[in-house]
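As stored in final.pdb (PDB, C-alpha atoms):
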```
ATOM      1  CA  MET A1204      27.094   4.410 -31.627
ATOM      2  CA  ALA A1205      23.417   4.693 -30.611
ATOM      3  CA  LYS A1206      22.084   2.515 -27.781
ATOM      4  CA  PHE A1207      18.503   1.249 -27.570
ATOM      5  CA  CYS A1208      16.419  -0.091 -24.709
ATOM      6  CA  SER A1209      16.048  -3.873 -24.898
ATOM      7  CA  ASN A1210      12.518  -3.584 -23.481
ATOM      8  CA  CYS A1211      10.808  -0.825 -25.540
ATOM      9  CA  GLY A1212      13.366  -0.046 -28.268
ATOM     10  CA  LYS A1213      13.686   3.671 -27.440
ATOM     11  CA  GLU A1214      17.073   5.267 -28.025
ATOM     12  CA  VAL A1215      18.844   5.904 -24.722
ATOM     13  CA  SER A1216      21.716   8.212 -23.871
ATOM     14  CA  GLU A1217      25.195   6.848 -23.253
ATOM     15  CA  GLY A1218      25.733   5.983 -19.592
ATOM     16  CA  ALA A1219      22.007   6.038 -18.699
ATOM     17  CA  ALA A1220      21.069   3.575 -15.969
ATOM     18  CA  PHE A1221      17.367   3.479 -16.929
ATOM     19  CA  CYS A1222      15.327   3.958 -20.089
ATOM     20  CA  ASP A1223      13.467   7.290 -20.185
ATOM     21  CA  GLY A1224      10.585   5.601 -21.992
ATOM     22  CA  CYS A1225       9.770   2.526 -19.928
ATOM     23  CA  GLY A1226      12.016   2.665 -16.835
ATOM     24  CA  ASN A1227      13.796  -0.546 -17.812
ATOM     25  CA  ALA A1228      17.138  -1.062 -16.035
ATOM     26  CA  LEU A1229      19.976  -0.866 -18.593
ATOM     27  CA  ASN A1230      23.317  -2.713 -18.687
ATOM     28  CA  GLY A1231      22.493  -4.918 -15.710
ATOM     29  CA  THR A1232      21.829  -1.901 -13.473
ATOM     30  CA  LYS A1233      19.528  -2.737 -10.587
ATOM     31  CA  ALA A1234      17.037  -0.153  -9.368
ATOM     32  CA  ASN A1235      17.877  -0.891  -5.755
ATOM     33  CA  GLN A1236      20.972   1.227  -6.285
ATOM     34  CA  THR A1237      20.665   4.901  -5.357
ATOM     35  CA  SER A1238      18.960   6.037  -8.563
ATOM     36  CA  ILE A1239      15.589   4.708  -9.611
ATOM     37  CA  PRO A1240      13.379   5.979 -12.394
ATOM     38  CA  LYS A1241      10.729   8.529 -11.362
ATOM     39  CA  THR A1242       8.282   7.365 -14.070
ATOM     40  CA  ALA A1243       7.805   4.262 -16.199
ATOM     41  CA  LEU A1244       5.947   3.335 -19.347
ATOM     42  CA  LEU A1245       4.808  -0.256 -18.879
ATOM     43  CA  SER A1246       5.203  -2.828 -21.630
ATOM     44  CA  ASN A1247       1.814  -4.364 -20.709
ATOM     45  CA  ALA A1248      -1.292  -2.690 -19.268
ATOM     46  CA  GLY A1249      -2.648  -3.290 -15.781
ATOM     47  CA  SER A1250      -1.417  -5.846 -13.281
ATOM     48  CA  VAL A1251       0.870  -7.740 -15.650
ATOM     49  CA  GLY A1252       2.780  -4.591 -16.659
ATOM     50  CA  VAL A1253       3.082  -3.420 -13.060
ATOM     51  CA  TYR A1254       4.424  -6.794 -11.878
ATOM     52  CA  GLU A1255       6.939  -6.927 -14.723
ATOM     53  CA  PHE A1256       8.153  -3.426 -13.886
ATOM     54  CA  LEU A1257       8.420  -4.130 -10.139
ATOM     55  CA  GLU A1258      10.839  -6.952 -10.925
ATOM     56  CA  THR A1259      13.210  -4.358 -12.442
ATOM     57  CA  LEU A1260      13.251  -2.402  -9.167
ATOM     58  CA  GLU A1261      14.234  -5.233  -6.849
ATOM     59  CA  PRO A1262      13.704  -8.968  -6.719
ATOM     60  CA  ASN A1263      11.094 -10.465  -4.416
ATOM     61  CA  LEU A1264       8.852  -7.416  -4.025
ATOM     62  CA  ASP A1265       5.369  -8.021  -2.708
ATOM     63  CA  PHE A1266       2.648  -5.497  -3.432
ATOM     64  CA  ILE A1267      -0.663  -3.967  -2.386
ATOM     65  CA  TRP A1268      -3.054  -2.056  -4.660
ATOM     66  CA  ALA A1269      -4.218   1.141  -2.969
ATOM     67  CA  ARG A1270      -5.626   4.589  -3.597
ATOM     68  CA  SER A1271      -5.092   7.920  -1.931
ATOM     69  CA  GLY A1272      -6.318   7.786   1.651
ATOM     70  CA  ASN A1273      -7.397  11.406   1.416
ATOM     71  CA  ASP A1274      -9.616  10.929  -1.632
ATOM     72  CA  VAL A1275     -13.280  10.924  -0.538
ATOM     73  CA  LYS A1276     -14.412  10.020  -4.081
ATOM     74  CA  ALA A1277     -12.580   6.714  -3.762
ATOM     75  CA  GLN A1278     -14.775   5.660  -0.830
ATOM     76  CA  LEU A1279     -17.945   6.440  -2.759
ATOM     77  CA  LEU A1280     -16.829   4.734  -5.961
ATOM     78  CA  GLY A1281     -15.439   1.561  -4.376
ATOM     79  CA  ILE A1282     -14.085  -0.881  -6.964
ATOM     80  CA  GLY A1283     -14.910   1.560  -9.790
ATOM     81  CA  ALA A1284     -12.336   3.979  -8.399
ATOM     82  CA  ALA A1285      -9.467   2.328 -10.285
ATOM     83  CA  PHE A1286      -8.002   4.798 -12.779
ATOM     84  CA  ILE A1287     -10.560   7.500 -11.797
ATOM     85  CA  VAL A1288      -8.851   8.557  -8.575
ATOM     86  CA  ASP A1289      -5.176   8.325  -7.642
ATOM     87  CA  THR A1290      -4.260   4.641  -7.753
ATOM     88  CA  TYR A1291      -1.023   3.346  -6.218
ATOM     89  CA  ILE A1292       0.993   0.184  -5.954
ATOM     90  CA  LEU A1293       2.800  -0.196  -2.630
ATOM     91  CA  ALA A1294       5.661  -2.597  -3.369
ATOM     92  CA  PHE A1295       7.834  -3.818  -0.517
ATOM     93  CA  ASN A1296      10.411  -6.298   0.687
ATOM     94  CA  LEU A1297      12.609  -6.558   3.771
ATOM     95  CA  GLN A1298      14.717  -3.531   2.775
ATOM     96  CA  ASN A1299      12.471  -1.009   1.010
ATOM     97  CA  LEU A1300       8.999   0.323   0.319
ATOM     98  CA  TYR A1301       8.200   1.688  -3.157
ATOM     99  CA  ILE A1302       5.150   3.856  -3.722
ATOM    100  CA  CYS A1303       4.221   3.830  -7.409
ATOM    101  CA  GLN A1304       1.437   6.152  -8.598
ATOM    102  CA  LEU A1305      -0.389   4.929 -11.693
ATOM    103  CA  SER A1306      -1.710   7.187 -14.439
ATOM    104  CA  LYS A1307      -5.421   7.994 -14.230
ATOM    105  CA  MET A1308      -5.651   7.921 -18.006
ATOM    106  CA  SER A1309      -4.031   4.602 -18.819
ATOM    107  CA  GLY A1310      -3.114   1.299 -17.271
ATOM    108  CA  LYS A1311       0.287   1.482 -18.977
ATOM    109  CA  GLU A1312       2.096   4.235 -17.094
ATOM    110  CA  ILE A1313       3.537   4.821 -13.646
ATOM    111  CA  VAL A1314       3.715   8.600 -13.231
ATOM    112  CA  ASN A1315       5.640   8.780  -9.951
ATOM    113  CA  ILE A1316       7.865   6.369  -8.037
ATOM    114  CA  ASN A1317       9.209   7.001  -4.539
ATOM    115  CA  LYS A1318      11.516   4.661  -2.643
ATOM    116  CA  TYR A1319      11.732   4.557   1.167
ATOM    117  CA  ALA A1320      14.171   2.469   3.166
ATOM    118  CA  TRP A1321      12.440   0.964   6.209
ATOM    119  CA  SER A1322      14.825   3.021   8.360
ATOM    120  CA  ASP A1323      13.124   6.150   6.900
ATOM    121  CA  ILE A1324       9.702   4.998   8.097
ATOM    122  CA  LYS A1325       9.072   5.930  11.716
ATOM    123  CA  SER A1326       5.725   4.124  12.025
ATOM    124  CA  PHE A1327       3.099   2.249  10.044
ATOM    125  CA  THR A1328      -0.493   1.440  10.991
ATOM    126  CA  ALA A1329      -3.339  -0.411   9.312
ATOM    127  CA  SER A1330      -6.919   0.172  10.425
ATOM    128  CA  ARG A1331     -10.373  -0.763   9.178
ATOM    129  CA  ALA A1332     -11.987   1.689   6.741
ATOM    130  CA  ALA A1333     -15.396   1.819   5.048
ATOM    131  CA  VAL A1334     -13.861   0.018   2.076
ATOM    132  CA  GLY A1335     -10.656  -1.943   2.648
ATOM    133  CA  LYS A1336      -8.094  -0.777   5.190
ATOM    134  CA  THR A1337      -6.433   2.552   5.820
ATOM    135  CA  LEU A1338      -2.633   2.348   5.698
ATOM    136  CA  LYS A1339      -0.733   5.233   7.328
ATOM    137  CA  PHE A1340       3.015   5.737   7.173
ATOM    138  CA  THR A1341       4.986   8.325   9.108
ATOM    139  CA  THR A1342       8.315   9.016   7.408
ATOM    140  CA  LYS A1343      11.178  11.410   8.067
ATOM    141  CA  HIS A1344       9.626  13.602   5.357
ATOM    142  CA  GLY A1345       5.947  13.561   6.390
ATOM    143  CA  ASN A1346       2.830  11.413   6.556
ATOM    144  CA  LEU A1347       1.407   9.181   3.827
ATOM    145  CA  SER A1348      -2.087   7.717   3.820
ATOM    146  CA  PHE A1349      -3.680   5.106   1.533
ATOM    147  CA  ARG A1350      -6.787   2.928   1.356
ATOM    148  CA  THR A1351      -6.409  -0.612   0.122
ATOM    149  CA  GLN A1352      -8.186  -1.399  -3.101
ATOM    150  CA  LYS A1353      -9.247  -4.891  -4.073
ATOM    151  CA  LEU A1354      -9.286  -5.472  -7.791
ATOM    152  CA  PHE A1355     -10.669  -8.667  -9.238
ATOM    153  CA  SER A1356      -7.189 -10.051  -9.884
ATOM    154  CA  MET A1357      -5.904  -9.251  -6.383
ATOM    155  CA  GLU A1358      -6.048 -11.897  -3.701
ATOM    156  CA  ASN A1359      -4.664 -12.053  -0.185
ATOM    157  CA  GLN A1360      -4.457  -8.294   0.422
ATOM    158  CA  GLY A1361      -4.899  -9.000   4.153
ATOM    159  CA  ASP A1362      -1.928 -11.381   4.157
ATOM    160  CA  ARG A1363       0.206  -8.773   2.401
ATOM    161  CA  ILE A1364      -0.761  -6.115   4.947
ATOM    162  CA  GLU A1365       0.233  -8.504   7.736
ATOM    163  CA  LYS A1366       3.646  -8.976   6.053
ATOM    164  CA  LEU A1367       3.985  -5.202   5.884
ATOM    165  CA  LEU A1368       3.122  -4.809   9.586
ATOM    166  CA  ALA A1369       5.674  -7.489  10.507
ATOM    167  CA  LEU A1370       8.466  -5.541   8.780
ATOM    168  CA  GLN A1371       8.436  -2.766  11.366
ATOM    169  CA  LYS A1372       9.038  -5.140  14.301
TER     170      LYS A1372
END
```

Could I get this structure in the form of structure tokens?
Amino acid sequence: MAKFCSNCGKEVSEGAAFCDGCGNALNGTKANQTSIPKTALLSNAGSVGVYEFLETLEPNLDFIWARSGNDVKAQLLGIGAAFIVDTYILAFNLQNLYICQLSKMSGKEIVNINKYAWSDIKSFTASRAAVGKTLKFTTKHGNLSFRTQKLFSMENQGDRIEKLLALQK
């Protein structure tokens, strides 16, 4: 008997934990288990779709909008950099940090998702940049760098960064 995703309606294979189409957790599976989707098609575009998807990963995730810290174009474009350069959502709680890369072409797709336990992060710093703040993570697997990005719908980015800094203490 065929199974279908309750979120997007796509047919899913028997025993799948997540929908290949939208990343929706199936059969009560929670994404905080060992396997998480690597991509996700969002049911709604932009912030709303991202927030809805983050709830499927883990409850009580907070988030920061960011862009690649190594992308010089992002500094020059400022707020207009959204969906032109690599845009990310850094979602976090007391246990984990998720780095979700959004599609440059659409506000309805997350093209890459990486999960890091805080024990995998050796250090984290936040420093002032020309636009926003530079966030640098040193993990067991290498260094990650981002610049915060303030979109019109985003408030309290500074408070969220402070929460993030407090997690490493």

Exercise. Check what the PyMOL selection byres ((chain A and resi 1305) around 7) selects in the file above and give those residues as a count of residues only.
Key: 9

Exercise. Using all atoms listed in the file, find the one residue out of A:Thr1351, A:Asp1323, A:Ala1219, A:Glu1255 that sits nearest to Ile1292 (chain A).
Key: A:Thr1351

Self-check item: One-decimal distance in Å that lies between CA of Ser1348 (chain A) and CA of Ser1271 (chain A)
Solution: 6.5 Å

Exercise. Fewer than 2 positions away in the same chain doesn't count, so skip those; otherwise give me all residues within 8 Å of Ser1216 (chain A), counting all atoms listed in the file, as a list in words.
Key: Ala1205, Lys1206, Glu1214, Gly1218 and Ala1219 of chain A

Quiz prompt | Gap from CA of Lys1213 (chain A) to CA of Trp1268 (chain A) - Å, one decimal | solution =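 Distance reported for this atom pair: 28.8 Å.
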
Practice problem: Tell me which of A:Ser1250, A:Gln1352, A:Asn1346, A:Asn1296 sits closest to Lys1325 (chain A), counting only C-alpha atoms. | Solution: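 Of A:Ser1250, A:Gln1352, A:Asn1346, A:Asn1296, the one nearest Lys1325 (chain A), counting only C-alpha atoms, is A:Asn1346.
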